[in-house]
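In what follows, a single structure is set out as structure tokens and then discussed.
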Amino acid sequence: MNPLLPFFIITPLVGAFLIMIIGRFIKEFNKYFTSLILLFLACISFYFLFNTGENIFVYKVGGWEPINKIPIGIYIVMDGFNAIVVCIINLVGFLSAFYSISYIKRYTAENYFYALFCLMIAGMNGVVISGDLFNIFVFLEISVISAYALVAFGVEKNELEASFRYQVLGGIASFLILFGIGFIYWKTKTLNIADIKEAFSTGYDRTYYLFVQILILSGFGLKAAIIPFHAWLPDAHSSAPSPISAMLSGVLIKAVGIYVIIRLFFNMFAISEGMAILITTLGTLSMVIGVFLAIGQWDIKRLLAYHSISQMGYVVLSVGIGMILISRGVRNEVTALAITGGIFHLINHAAFKGLLFLNAGAIEYTIGSRNLQEMGGLAKQMPATAATSFIASMSISGIPPFNGFFSKLIIIIAAIMAKFYLLALLAVIVSIITLASFLKFQRYAFFNKTDNKNERKIKEVPFPMVFSMVIMSILCILLSVLVFPQIREAVLSPAIDILMDPSKYSSIIIGH
Amino acid sequence: MKGMTIIVKKTTQLISGMVFLYGIYVIIHGHLTPGGGFAGGVIVAGSLILVTLAYGGDFLKLVKEESGTTIVESLATIMVILIATAGLLFGTHIFFNNFLPKGIVGHLVSAGVLPLYNIFVGTEVASSIFIIFLSLIIFKEESPQ
Amino acid sequence: MEIALSIITGLMILGALYAIHAKDLLSSVIACGIVGYSLVICFLLLKAPDLAIVQIVVDTITLIIMVAVVLDSSREEQFSKLDTNGYISAVTAMVIIVVLLYFFAVSIQNLDVLGKSTLRMAEHYIEGAAQKTGSANLVTGVVFDFRGYDTMGEAVVLVTAVLGVLTILRLKGKK
Amino acid sequence: MIPYIMCFILFLVGLYGVITRRNLVKIAVSLSIMEISTFLFFALIGYIDGGVAPIVDPADPVKTYVDPLPQALVLTAIVIGLATTAMLMAVIIRLYRKYGTFDIREIKNLRG
């Protein structure tokens, strides 16, 4: 009953509404207030990261104790895996909020921007730390509705159209999830994730189980932009303001999509081999198709959006391999390696993809266009942006000293040791194509000699943007430290143990 | 935005008062009879929309009304969250705890914090829906055809 | 009771099909409103007065918003003939629908029949709930006390939607 | 089992409408039809034969009540549905004012 847990939700919500009221009278208030809130949240999440360790914090909202082992109220649950995702949300959120202090001057109605930003953070925090199925749906709606509005923030034609397509597909996903929750409630008569696993353990009908899993997978898969449902992602991420597309690509599709799929399929459903193979094939498809779609792009943000799909494919692939091994009853270090690779790549992707979008925003801020052909030779005028985007491009394409290399290496080793040689080969090929695509991006944007660059007066972006880009690039380098065993034990292994042994999560929570 | 004919204005005068009162009744008796914060709030918003549609109103008045309602809405939502965190401070120090005395079931002042939640959620829902309606009207007024 | 429900749901399906295929947009929006109002009757049959009140009122507001959008536009939907990818999407939609319907019919065979649902979590919401939460209306007791965290999230969803509508409907986006 | 199957057919009619219709308002209408069928599905799950509406009458306490939990969930989901419909309608009226048409195909080739 750690009293600090509800503050993940209270602070951003109260902050958002204070911004709405006070921001009207004091102009400068909302900019620094948002960064302050997110800094405070980042500190709480680091506090939880370092001392959840093996135990699970269970907070019974409303003080309703379970009656003969059946939980009544809604539970807020914080374990090893949650802590990592919460850290990603709040850290990248703080850096994006600090970045947007000077970026958002170009847009009108800054009040609404910061209020919706805080609400998106509150929604994502609520989804990640909640232990109740319907509660995940409600906070998912908060973060997704504020994402719809933020995508259409500069009300131009293509932004409105992108927001419309995002809302339609997001609406279908929400109703699929709601139907799935109704189905689960129909059989198990309870909504608590741990209690559902208990109720399912008393036997279930196979086709019903498959139908529920497909409903939930397609609903959250659509939020995570896995291949058959990725139609909305390129438009939404390229037309949103850059700090928002950094949040969307770096955090939202993870916290609201991938995290919930991993949590439900490891800790709630008993994994069947057929479903695990389906998830792995979806991951491989999105990895391969995402990269091939990205090659032909000339707009920076669309290129980065397609790469998000393929990098998410890596995460789903390696987690899928872990699922296949668990469904075969094999729980040795190969499964642990596969899951570690997936979660490690999840963290790394948040860092370097967020940084890449911030760089794209910096370029757009100075030049005003996102087309690679119109750029060129920015390295001299914008040294900081060039350096940070070089670090990010190298780490996304997996060059040794940077973090992307280590997580992709773990994924490929796990695939080989689990005898999925085709998947390992595909992973390597996709990584090479990613490298080619980002070399093109670097060459055209920063090192290409163009004739008309002299009459344009380009100077470096203002301090808040440079600061958050530099911090993010330091993060990209520091995260590669996670490979060393003793650091990995402290950070990653609690999450791996929760996912490796599916019944541990429900037994501890029901035991509370 | 121009109002409607005199007949509509007359009937609105008669009805909108009753609709508003019925909405308040549904909010306050939320914990006794069906309905509650949400239903009552929407009914109150319905009566406000009825008056705005029947009488119209010049553009600036609508914009001022909208910004005023936004403040009311944000205040009401902050109150909901503060009551929840008050549960954290008093009573058994748990988030969303019903710390006020429960009283006798069936009486008007009975279910501890519930009537307070009902009232603040009702005001918040009423002002939210009224703002959505106002912003639609203001957009249709000022945007080019 | 089950027969009455099936009849009303059948009529709702007809109303929904008309709403989708109607030529005039205003009549399509009104058909959608009628389907919403017939849901109120289903709620009353299923002993859910709380839902009936909220649904009737919220459906009115949805109807007002939809009519506000459709009223001053060209209400005739231009019926251009279905081109190739119109056919493709129609065929894929039919295939998906048939597969899902068959899958659904098979998977609900041995679940609780309508009306015979056992209780597990909700049992403790019913017996002794009036004393625990003090409210005579059990649904309000569940909404504001047992699952009050959900309802706070719910109120915040509505406020987010209002902020979203205000940001989308402002005239000038960029300086 | 008939009401459940009819309810799922209503859901599929809404899904069919969203996938095949070209008109923005028709897509919004199909989405709200899907929403309506989801609420009906939850209400069907909570029904108990011989149950009474979940209002406790202090005079005669012991009765079999209908399951209040799905009703609480639908209460929340209805207002979420209203929020999403309002957002969708705001974008639709905005697109109509910019492109002058409700048809997705025309919007695509007007965009150029």
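Chains: A, B, ... in order of the structure tokens. Residues: from 1 per chain. Ligands: from 1, in order shown.
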
Where does chain C meet chain B within 6 Å, residue by residue, with the nearest atom pair and distance in Å to one decimal for each, counting only C-alpha atoms, listed by chain and rising number, as JSON lines?
```
{"residue": "C:Asp50", "atom": "CA", "partner": "B:Pro34", "partner_atom": "CA", "distance": 4.7}
{"residue": "C:Val54", "atom": "CA", "partner": "B:Ala39", "partner_atom": "CA", "distance": 4.8}
{"residue": "C:Gly134", "atom": "CA", "partner": "B:Ala111", "partner_atom": "CA", "distance": 4.3}
{"residue": "C:Ser135", "atom": "CA", "partner": "B:Ala111", "partner_atom": "CA", "distance": 4.9}
{"residue": "C:Ala136", "atom": "CA", "partner": "B:Leu32", "partner_atom": "CA", "distance": 5.1}
{"residue": "C:Asn137", "atom": "CA", "partner": "B:His31", "partner_atom": "CA", "distance": 5.2}
{"residue": "C:Thr140", "atom": "CA", "partner": "B:His31", "partner_atom": "CA", "distance": 5.8}
```

Give me, as an mmCIF file with N, CA and C atoms, in the first residue's frame, the contact residues of chain A against chain B at a cut-off of 9 Å, counting only C-alpha atoms.
```cif
data_model
loop_
_atom_site.group_PDB
_atom_site.id
_atom_site.type_symbol
_atom_site.label_atom_id
_atom_site.label_comp_id
_atom_site.auth_asym_id
_atom_site.auth_seq_id
_atom_site.Cartn_x
_atom_site.Cartn_y
_atom_site.Cartn_z
ATOM 1 N N MET A 1 0.861 -1.199 0.000
ATOM 2 C CA MET A 1 0.000 0.000 0.000
ATOM 3 C C MET A 1 0.896 1.248 0.000
ATOM 4 N N PRO A 3 1.905 4.695 -0.546
ATOM 5 C CA PRO A 3 1.032 5.856 -0.829
ATOM 6 C C PRO A 3 1.512 6.669 -2.021
ATOM 7 N N PRO A 6 -0.611 6.472 -6.233
ATOM 8 C CA PRO A 6 -1.638 7.267 -6.917
ATOM 9 C C PRO A 6 -1.105 8.573 -7.487
ATOM 10 N N ILE A 10 -2.537 11.490 -10.062
ATOM 11 C CA ILE A 10 -3.085 12.754 -9.526
ATOM 12 C C ILE A 10 -2.293 13.936 -10.084
ATOM 13 N N LEU A 13 -3.004 14.987 -13.744
ATOM 14 C CA LEU A 13 -4.398 15.450 -13.936
ATOM 15 C C LEU A 13 -4.596 16.830 -13.317
ATOM 16 N N VAL A 14 -4.208 16.979 -12.042
ATOM 17 C CA VAL A 14 -4.409 18.291 -11.402
ATOM 18 C C VAL A 14 -3.599 19.341 -12.164
ATOM 19 N N PHE A 17 -5.454 20.508 -15.290
ATOM 20 C CA PHE A 17 -6.587 21.420 -15.067
ATOM 21 C C PHE A 17 -6.118 22.766 -14.514
ATOM 22 N N LEU A 18 -5.024 22.745 -13.720
ATOM 23 C CA LEU A 18 -4.495 24.050 -13.261
ATOM 24 C C LEU A 18 -4.004 24.846 -14.460
ATOM 25 N N MET A 20 -5.201 24.781 -17.393
ATOM 26 C CA MET A 20 -6.362 25.343 -18.085
ATOM 27 C C MET A 20 -6.847 26.615 -17.388
ATOM 28 N N ILE A 21 -6.786 26.619 -16.053
ATOM 29 C CA ILE A 21 -7.351 27.790 -15.345
ATOM 30 C C ILE A 21 -6.316 28.898 -15.267
ATOM 31 N N TYR A 59 -1.770 -1.627 -4.751
ATOM 32 C CA TYR A 59 -2.472 -0.549 -4.046
ATOM 33 C C TYR A 59 -3.962 -0.738 -4.280
ATOM 34 N N LYS A 60 -4.725 -1.068 -3.243
ATOM 35 C CA LYS A 60 -6.157 -1.322 -3.428
ATOM 36 C C LYS A 60 -6.892 0.021 -3.360
ATOM 37 N N VAL A 61 -7.327 0.524 -4.547
ATOM 38 C CA VAL A 61 -7.983 1.838 -4.574
ATOM 39 C C VAL A 61 -9.318 1.730 -3.827
ATOM 40 N N GLY A 62 -9.577 2.681 -2.945
ATOM 41 C CA GLY A 62 -10.852 2.713 -2.219
ATOM 42 C C GLY A 62 -10.818 1.845 -0.980
ATOM 43 N N GLY A 63 -9.723 1.122 -0.787
ATOM 44 C CA GLY A 63 -9.561 0.363 0.464
ATOM 45 C C GLY A 63 -10.441 -0.858 0.533
ATOM 46 N N TRP A 64 -10.828 -1.460 -0.603
ATOM 47 C CA TRP A 64 -11.701 -2.655 -0.564
ATOM 48 C C TRP A 64 -10.847 -3.914 -0.481
#
```

_Show me, as a ChimeraX atom specification, every residue of chain D with an atom at most 7 Å from chain A, counting only C-alpha atoms._
/D:35,38,42,45,88,91,95

_Show me, as number ranges by chain, the residues that have an atom within 12 Å of D:Ile36 when counting only C-alpha atoms, minus same-chain residues fewer than 5 positions from it._
A: 175, 178-179; C: 9, 12-13, 16, 32-40, 42-43, 51, 55-56, 58-59; D: 7-14, 29-31, 41-43, 74, 77-79, 81-82

*May I ask you to extract the residues of chain C within 6 Å of chain D, using only C-alpha atoms, and to give them as a list in words?*
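Residues passing the distance filter: Ser6, Ile13, Leu46, Lys47, Val69, Ser89, Ala90, Ala93, Gly115, Lys116, Ala136, Asn137, Leu138, Val139, Val143, Leu158, Ala161 and Val165 of chain C.
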
Dump C-alpha atoms for the selected residues as a PDB file, in the first residue's frame?
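out.pdb written:
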```
ATOM      1  CA  SER C   6     -34.836 -10.607 -30.456  1.00  0.00           C
ATOM      2  CA  ILE C  13     -30.400  -4.248 -37.410  1.00  0.00           C
ATOM      3  CA  LEU C  46     -33.065  -6.009 -19.249  1.00  0.00           C
ATOM      4  CA  LYS C  47     -33.902  -4.283 -15.926  1.00  0.00           C
ATOM      5  CA  VAL C  69     -22.901  19.057 -38.695  1.00  0.00           C
ATOM      6  CA  SER C  89     -13.401  -3.492 -49.793  1.00  0.00           C
ATOM      7  CA  ALA C  90     -17.023  -4.718 -49.935  1.00  0.00           C
ATOM      8  CA  ALA C  93     -15.771  -6.830 -45.483  1.00  0.00           C
ATOM      9  CA  GLY C 115     -30.415 -14.843 -17.619  1.00  0.00           C
ATOM     10  CA  LYS C 116     -28.565 -17.756 -16.021  1.00  0.00           C
ATOM     11  CA  ALA C 136     -29.657   2.637  -2.158  1.00  0.00           C
ATOM     12  CA  ASN C 137     -28.869   2.646  -5.878  1.00  0.00           C
ATOM     13  CA  LEU C 138     -26.382  -0.227  -6.220  1.00  0.00           C
ATOM     14  CA  VAL C 139     -25.187   0.933  -9.652  1.00  0.00           C
ATOM     15  CA  VAL C 143     -19.801   3.541 -10.080  1.00  0.00           C
ATOM     16  CA  LEU C 158     -14.997  13.947 -21.193  1.00  0.00           C
ATOM     17  CA  ALA C 161     -12.736  15.445 -25.461  1.00  0.00           C
ATOM     18  CA  VAL C 165     -12.892  19.792 -29.704  1.00  0.00           C
TER      19      VAL C 165
END
```

Could you list, as a compact mmCIF listing (two decimals) with all heavy atoms, in the first residue's frame, every residue within 10 Å of stretch 32-38 of chain A, counting only C-alpha atoms and ignoring same-chain residues fewer than 6 positions away?
```
# COMPACT_ATOMS: atom_id res chain seq x y z
N PHE A 8 1.13 9.04 -9.53
CA PHE A 8 1.36 8.96 -10.98
C PHE A 8 0.17 9.51 -11.75
O PHE A 8 0.30 9.97 -12.88
CB PHE A 8 1.59 7.50 -11.39
CG PHE A 8 2.99 7.05 -11.21
CD1 PHE A 8 3.30 6.06 -10.30
CD2 PHE A 8 4.01 7.64 -11.94
CE1 PHE A 8 4.60 5.65 -10.13
CE2 PHE A 8 5.32 7.23 -11.77
CZ PHE A 8 5.60 6.24 -10.86
N THR A 11 -0.95 13.87 -10.02
CA THR A 11 -0.17 15.08 -10.38
C THR A 11 -0.44 15.51 -11.82
O THR A 11 -0.78 16.67 -12.04
CB THR A 11 1.34 14.80 -10.18
OG1 THR A 11 1.58 13.43 -10.40
CG2 THR A 11 1.78 15.19 -8.81
N PRO A 12 -0.35 14.62 -12.85
CA PRO A 12 -0.59 15.17 -14.19
C PRO A 12 -2.02 15.67 -14.38
O PRO A 12 -2.24 16.67 -15.06
CB PRO A 12 -0.29 14.00 -15.14
CG PRO A 12 -0.17 12.80 -14.32
CD PRO A 12 0.07 13.20 -12.93
N VAL A 14 -4.21 16.98 -12.04
CA VAL A 14 -4.41 18.29 -11.40
C VAL A 14 -3.60 19.34 -12.16
O VAL A 14 -4.07 20.46 -12.43
CB VAL A 14 -3.99 18.20 -9.91
CG1 VAL A 14 -3.99 19.58 -9.29
CG2 VAL A 14 -4.93 17.28 -9.15
N GLY A 15 -2.38 18.94 -12.61
CA GLY A 15 -1.57 19.87 -13.39
C GLY A 15 -2.29 20.32 -14.65
O GLY A 15 -2.36 21.53 -14.96
N ALA A 16 -2.89 19.36 -15.35
CA ALA A 16 -3.57 19.72 -16.62
C ALA A 16 -4.67 20.73 -16.34
O ALA A 16 -4.80 21.73 -17.05
CB ALA A 16 -4.15 18.46 -17.26
N LEU A 18 -5.02 22.75 -13.72
CA LEU A 18 -4.49 24.05 -13.26
C LEU A 18 -4.00 24.85 -14.46
O LEU A 18 -4.24 26.06 -14.56
CB LEU A 18 -3.35 23.81 -12.26
CG LEU A 18 -3.80 23.43 -10.84
CD1 LEU A 18 -2.59 23.24 -9.94
CD2 LEU A 18 -4.72 24.51 -10.29
N ILE A 19 -3.37 24.14 -15.40
CA ILE A 19 -2.90 24.86 -16.61
C ILE A 19 -4.07 25.52 -17.30
O ILE A 19 -4.03 26.69 -17.68
CB ILE A 19 -2.19 23.86 -17.56
CG1 ILE A 19 -0.80 23.51 -17.04
CG2 ILE A 19 -2.08 24.43 -18.96
CD1 ILE A 19 -0.14 22.40 -17.81
N GLY A 23 -3.28 29.14 -16.67
CA GLY A 23 -2.57 29.49 -17.91
C GLY A 23 -3.26 30.63 -18.64
O GLY A 23 -2.64 31.36 -19.41
N ILE A 44 9.79 10.11 -9.41
CA ILE A 44 9.05 9.02 -8.73
C ILE A 44 9.29 7.72 -9.47
O ILE A 44 9.55 6.67 -8.87
CB ILE A 44 7.52 9.30 -8.72
CG1 ILE A 44 7.16 10.65 -8.16
CG2 ILE A 44 6.82 8.22 -7.90
CD1 ILE A 44 5.66 10.89 -8.17
N ILE A 89 8.02 6.42 -20.14
CA ILE A 89 6.96 7.42 -20.39
C ILE A 89 7.38 8.77 -19.82
O ILE A 89 7.40 9.79 -20.52
CB ILE A 89 5.63 6.97 -19.74
CG1 ILE A 89 5.10 5.71 -20.41
CG2 ILE A 89 4.59 8.06 -19.80
CD1 ILE A 89 3.91 5.12 -19.70
N ASN A 90 7.75 8.76 -18.52
CA ASN A 90 7.93 10.06 -17.87
C ASN A 90 9.22 10.74 -18.30
O ASN A 90 9.28 11.96 -18.43
CB ASN A 90 7.91 9.86 -16.34
CG ASN A 90 6.51 9.43 -15.91
OD1 ASN A 90 5.54 9.99 -16.35
ND2 ASN A 90 6.45 8.38 -15.11
N LEU A 91 10.27 9.93 -18.61
CA LEU A 91 11.52 10.57 -19.00
C LEU A 91 11.37 11.20 -20.39
O LEU A 91 11.61 12.40 -20.59
CB LEU A 91 12.64 9.53 -18.99
CG LEU A 91 14.05 10.11 -19.02
CD1 LEU A 91 14.28 11.00 -17.82
CD2 LEU A 91 15.08 9.01 -19.07
N VAL A 92 10.90 10.38 -21.36
CA VAL A 92 10.73 10.93 -22.72
C VAL A 92 9.70 12.06 -22.69
O VAL A 92 9.81 13.07 -23.38
CB VAL A 92 10.32 9.79 -23.71
CG1 VAL A 92 10.03 10.34 -25.08
CG2 VAL A 92 11.42 8.76 -23.78
N GLY A 93 8.68 11.92 -21.82
CA GLY A 93 7.69 12.98 -21.69
C GLY A 93 8.31 14.27 -21.22
O GLY A 93 8.07 15.36 -21.78
N PHE A 94 9.19 14.17 -20.20
CA PHE A 94 9.83 15.40 -19.69
C PHE A 94 10.66 16.05 -20.79
O PHE A 94 10.55 17.25 -21.06
CB PHE A 94 10.71 15.06 -18.48
CG PHE A 94 11.65 16.16 -18.12
CD1 PHE A 94 11.18 17.38 -17.67
CD2 PHE A 94 13.03 15.99 -18.27
CE1 PHE A 94 12.05 18.42 -17.35
CE2 PHE A 94 13.90 17.01 -17.96
CZ PHE A 94 13.41 18.23 -17.50
N LEU A 95 11.45 15.21 -21.52
CA LEU A 95 12.33 15.80 -22.54
C LEU A 95 11.50 16.43 -23.66
O LEU A 95 11.79 17.51 -24.16
CB LEU A 95 13.28 14.74 -23.07
CG LEU A 95 14.33 14.28 -22.05
CD1 LEU A 95 15.13 13.09 -22.56
CD2 LEU A 95 15.24 15.43 -21.68
N SER A 96 10.39 15.77 -24.05
CA SER A 96 9.57 16.36 -25.11
C SER A 96 8.92 17.65 -24.63
O SER A 96 8.84 18.63 -25.39
CB SER A 96 8.47 15.37 -25.53
OG SER A 96 9.03 14.16 -25.90
N ALA A 97 8.46 17.67 -23.37
CA ALA A 97 7.82 18.89 -22.87
C ALA A 97 8.84 20.03 -22.84
O ALA A 97 8.55 21.16 -23.25
CB ALA A 97 7.25 18.65 -21.46
N PHE A 98 10.07 19.70 -22.40
CA PHE A 98 11.10 20.76 -22.35
C PHE A 98 11.44 21.23 -23.76
O PHE A 98 11.60 22.41 -24.04
CB PHE A 98 12.35 20.22 -21.65
CG PHE A 98 13.27 21.30 -21.17
CD1 PHE A 98 12.94 22.05 -20.05
CD2 PHE A 98 14.43 21.60 -21.86
CE1 PHE A 98 13.76 23.08 -19.62
CE2 PHE A 98 15.26 22.62 -21.43
CZ PHE A 98 14.91 23.37 -20.30
N TYR A 99 11.48 20.25 -24.71
CA TYR A 99 11.76 20.58 -26.12
C TYR A 99 10.69 21.52 -26.67
O TYR A 99 10.98 22.47 -27.42
CB TYR A 99 11.78 19.28 -26.92
CG TYR A 99 11.99 19.41 -28.39
CD1 TYR A 99 13.27 19.33 -28.93
CD2 TYR A 99 10.92 19.58 -29.27
CE1 TYR A 99 13.48 19.41 -30.30
CE2 TYR A 99 11.11 19.67 -30.62
CZ TYR A 99 12.39 19.59 -31.14
OH TYR A 99 12.59 19.67 -32.49
N SER A 100 9.43 21.28 -26.28
CA SER A 100 8.34 22.04 -26.92
C SER A 100 8.20 23.43 -26.32
O SER A 100 7.32 24.18 -26.77
CB SER A 100 7.03 21.27 -26.78
OG SER A 100 6.80 20.99 -25.44
N ILE A 101 9.01 23.78 -25.33
CA ILE A 101 8.91 25.15 -24.78
C ILE A 101 9.14 26.15 -25.91
O ILE A 101 8.37 27.10 -26.10
CB ILE A 101 9.93 25.35 -23.65
CG1 ILE A 101 9.45 24.64 -22.38
CG2 ILE A 101 10.15 26.84 -23.35
CD1 ILE A 101 10.42 24.70 -21.24
N TYR A 114 -0.35 22.17 -23.76
CA TYR A 114 0.26 21.63 -22.54
C TYR A 114 -0.77 20.85 -21.72
O TYR A 114 -0.46 19.81 -21.15
CB TYR A 114 0.85 22.78 -21.71
CG TYR A 114 2.10 23.31 -22.35
CD1 TYR A 114 2.13 24.54 -22.98
CD2 TYR A 114 3.27 22.56 -22.35
CE1 TYR A 114 3.27 25.02 -23.59
CE2 TYR A 114 4.42 23.03 -22.95
CZ TYR A 114 4.42 24.25 -23.58
OH TYR A 114 5.55 24.72 -24.19
N ALA A 115 -2.05 21.31 -21.71
CA ALA A 115 -3.06 20.56 -20.95
C ALA A 115 -3.24 19.17 -21.56
O ALA A 115 -3.22 18.16 -20.86
CB ALA A 115 -4.37 21.34 -20.97
N PHE A 117 -1.11 17.56 -23.33
CA PHE A 117 0.13 16.78 -23.13
C PHE A 117 0.10 16.11 -21.76
O PHE A 117 0.34 14.91 -21.63
CB PHE A 117 1.32 17.73 -23.26
CG PHE A 117 2.64 17.03 -23.40
CD1 PHE A 117 3.13 16.70 -24.65
CD2 PHE A 117 3.38 16.68 -22.29
CE1 PHE A 117 4.34 16.04 -24.79
CE2 PHE A 117 4.58 16.02 -22.41
CZ PHE A 117 5.07 15.71 -23.66
N CYS A 118 -0.28 16.89 -20.73
CA CYS A 118 -0.35 16.32 -19.36
C CYS A 118 -1.40 15.21 -19.32
O CYS A 118 -1.19 14.16 -18.69
CB CYS A 118 -0.72 17.41 -18.36
SG CYS A 118 0.65 18.50 -18.01
N ILE A 121 -0.02 12.06 -20.78
CA ILE A 121 0.89 11.40 -19.84
C ILE A 121 0.07 10.68 -18.75
O ILE A 121 0.32 9.52 -18.42
CB ILE A 121 1.83 12.45 -19.20
CG1 ILE A 121 2.72 13.08 -20.25
CG2 ILE A 121 2.66 11.81 -18.09
CD1 ILE A 121 3.86 12.23 -20.72
```

*Excluding B:Ser16 and any residue of its chain fewer than 4 positions from it, enumerate the residues within 10 Å of it, using only C-alpha atoms, and give them as a ChimeraX atom specification.*
/B:11-12,20-22,44,46-51

_Selection: 9 Å around C:Leu45, only C-alpha atoms, excl. self and same-chain fewer than 4 positions, as an MDAnalysis selection string_ = chainID C and resid 1 4:5 40:41

_Could you check the closest approach to chain A for each of C:Ile61, C:Ala31, C:Val159, C:Met121 and tell me which residue wins, using only C-alpha atoms?_
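Looking only at the distances to chain A, the closest residue turns out to be C:Met121.
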
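For C:His124, the list of residues within 10 Å, based on only C-alpha atoms and with local chain neighbours fewer than 6 positions off taken out, reads A:Pro66, A:Ile67, A:Ile70, A:Pro71, A:Ile72, C:Lys132.
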
Please produce a file of the residues just selected, as a PDB file, in the first residue's frame, where the atoms kept are all heavy atoms.
```pdb
ATOM      1  N   PRO A  66      -9.983  -7.884  -0.450  1.00  0.00           N
ATOM      2  CA  PRO A  66     -10.631  -9.012  -1.143  1.00  0.00           C
ATOM      3  C   PRO A  66     -11.427  -9.878  -0.169  1.00  0.00           C
ATOM      4  O   PRO A  66     -11.016 -10.041   0.974  1.00  0.00           O
ATOM      5  CB  PRO A  66      -9.454  -9.789  -1.737  1.00  0.00           C
ATOM      6  CG  PRO A  66      -8.270  -9.383  -0.962  1.00  0.00           C
ATOM      7  CD  PRO A  66      -8.512  -7.979  -0.505  1.00  0.00           C
ATOM      8  N   ILE A  67     -12.568 -10.369  -0.601  1.00  0.00           N
ATOM      9  CA  ILE A  67     -13.391 -11.270   0.243  1.00  0.00           C
ATOM     10  C   ILE A  67     -13.176 -12.681  -0.277  1.00  0.00           C
ATOM     11  O   ILE A  67     -13.310 -12.928  -1.468  1.00  0.00           O
ATOM     12  CB  ILE A  67     -14.883 -10.876   0.184  1.00  0.00           C
ATOM     13  CG1 ILE A  67     -15.043  -9.460   0.728  1.00  0.00           C
ATOM     14  CG2 ILE A  67     -15.731 -11.848   0.973  1.00  0.00           C
ATOM     15  CD1 ILE A  67     -16.462  -8.943   0.647  1.00  0.00           C
ATOM     16  N   ILE A  70     -11.250 -13.149  -3.546  1.00  0.00           N
ATOM     17  CA  ILE A  70     -11.699 -12.571  -4.826  1.00  0.00           C
ATOM     18  C   ILE A  70     -11.564 -11.051  -4.704  1.00  0.00           C
ATOM     19  O   ILE A  70     -12.222 -10.446  -3.843  1.00  0.00           O
ATOM     20  CB  ILE A  70     -13.168 -12.950  -5.137  1.00  0.00           C
ATOM     21  CG1 ILE A  70     -13.256 -14.465  -5.358  1.00  0.00           C
ATOM     22  CG2 ILE A  70     -13.665 -12.220  -6.361  1.00  0.00           C
ATOM     23  CD1 ILE A  70     -14.660 -14.949  -5.467  1.00  0.00           C
ATOM     24  N   PRO A  71     -10.681 -10.405  -5.485  1.00  0.00           N
ATOM     25  CA  PRO A  71     -10.505  -8.952  -5.347  1.00  0.00           C
ATOM     26  C   PRO A  71     -11.765  -8.207  -5.785  1.00  0.00           C
ATOM     27  O   PRO A  71     -12.382  -8.580  -6.782  1.00  0.00           O
ATOM     28  CB  PRO A  71      -9.332  -8.636  -6.269  1.00  0.00           C
ATOM     29  CG  PRO A  71      -9.231  -9.779  -7.178  1.00  0.00           C
ATOM     30  CD  PRO A  71      -9.797 -10.976  -6.504  1.00  0.00           C
ATOM     31  N   ILE A  72     -12.153  -7.179  -5.016  1.00  0.00           N
ATOM     32  CA  ILE A  72     -13.399  -6.436  -5.323  1.00  0.00           C
ATOM     33  C   ILE A  72     -13.053  -5.125  -6.018  1.00  0.00           C
ATOM     34  O   ILE A  72     -13.518  -4.854  -7.112  1.00  0.00           O
ATOM     35  CB  ILE A  72     -14.180  -6.147  -4.020  1.00  0.00           C
ATOM     36  CG1 ILE A  72     -14.633  -7.457  -3.396  1.00  0.00           C
ATOM     37  CG2 ILE A  72     -15.364  -5.263  -4.302  1.00  0.00           C
ATOM     38  CD1 ILE A  72     -15.334  -7.257  -2.099  1.00  0.00           C
TER      39      ILE A  72
ATOM     40  N   LYS C 132     -22.367  -1.191   2.922  1.00  0.00           N
ATOM     41  CA  LYS C 132     -20.950  -0.817   2.695  1.00  0.00           C
ATOM     42  C   LYS C 132     -20.859   0.576   2.095  1.00  0.00           C
ATOM     43  O   LYS C 132     -20.109   1.432   2.554  1.00  0.00           O
ATOM     44  CB  LYS C 132     -20.314  -1.817   1.724  1.00  0.00           C
ATOM     45  CG  LYS C 132     -19.937  -3.151   2.373  1.00  0.00           C
ATOM     46  CD  LYS C 132     -19.203  -4.018   1.365  1.00  0.00           C
ATOM     47  CE  LYS C 132     -19.550  -5.502   1.576  1.00  0.00           C
ATOM     48  NZ  LYS C 132     -19.305  -6.282   0.365  1.00  0.00           N
TER      49      LYS C 132
END
```

*Which distance in Å separates atom CA of A:Gly53 and atom CA of A:Ser130, to one decimal?*
18.4 Å
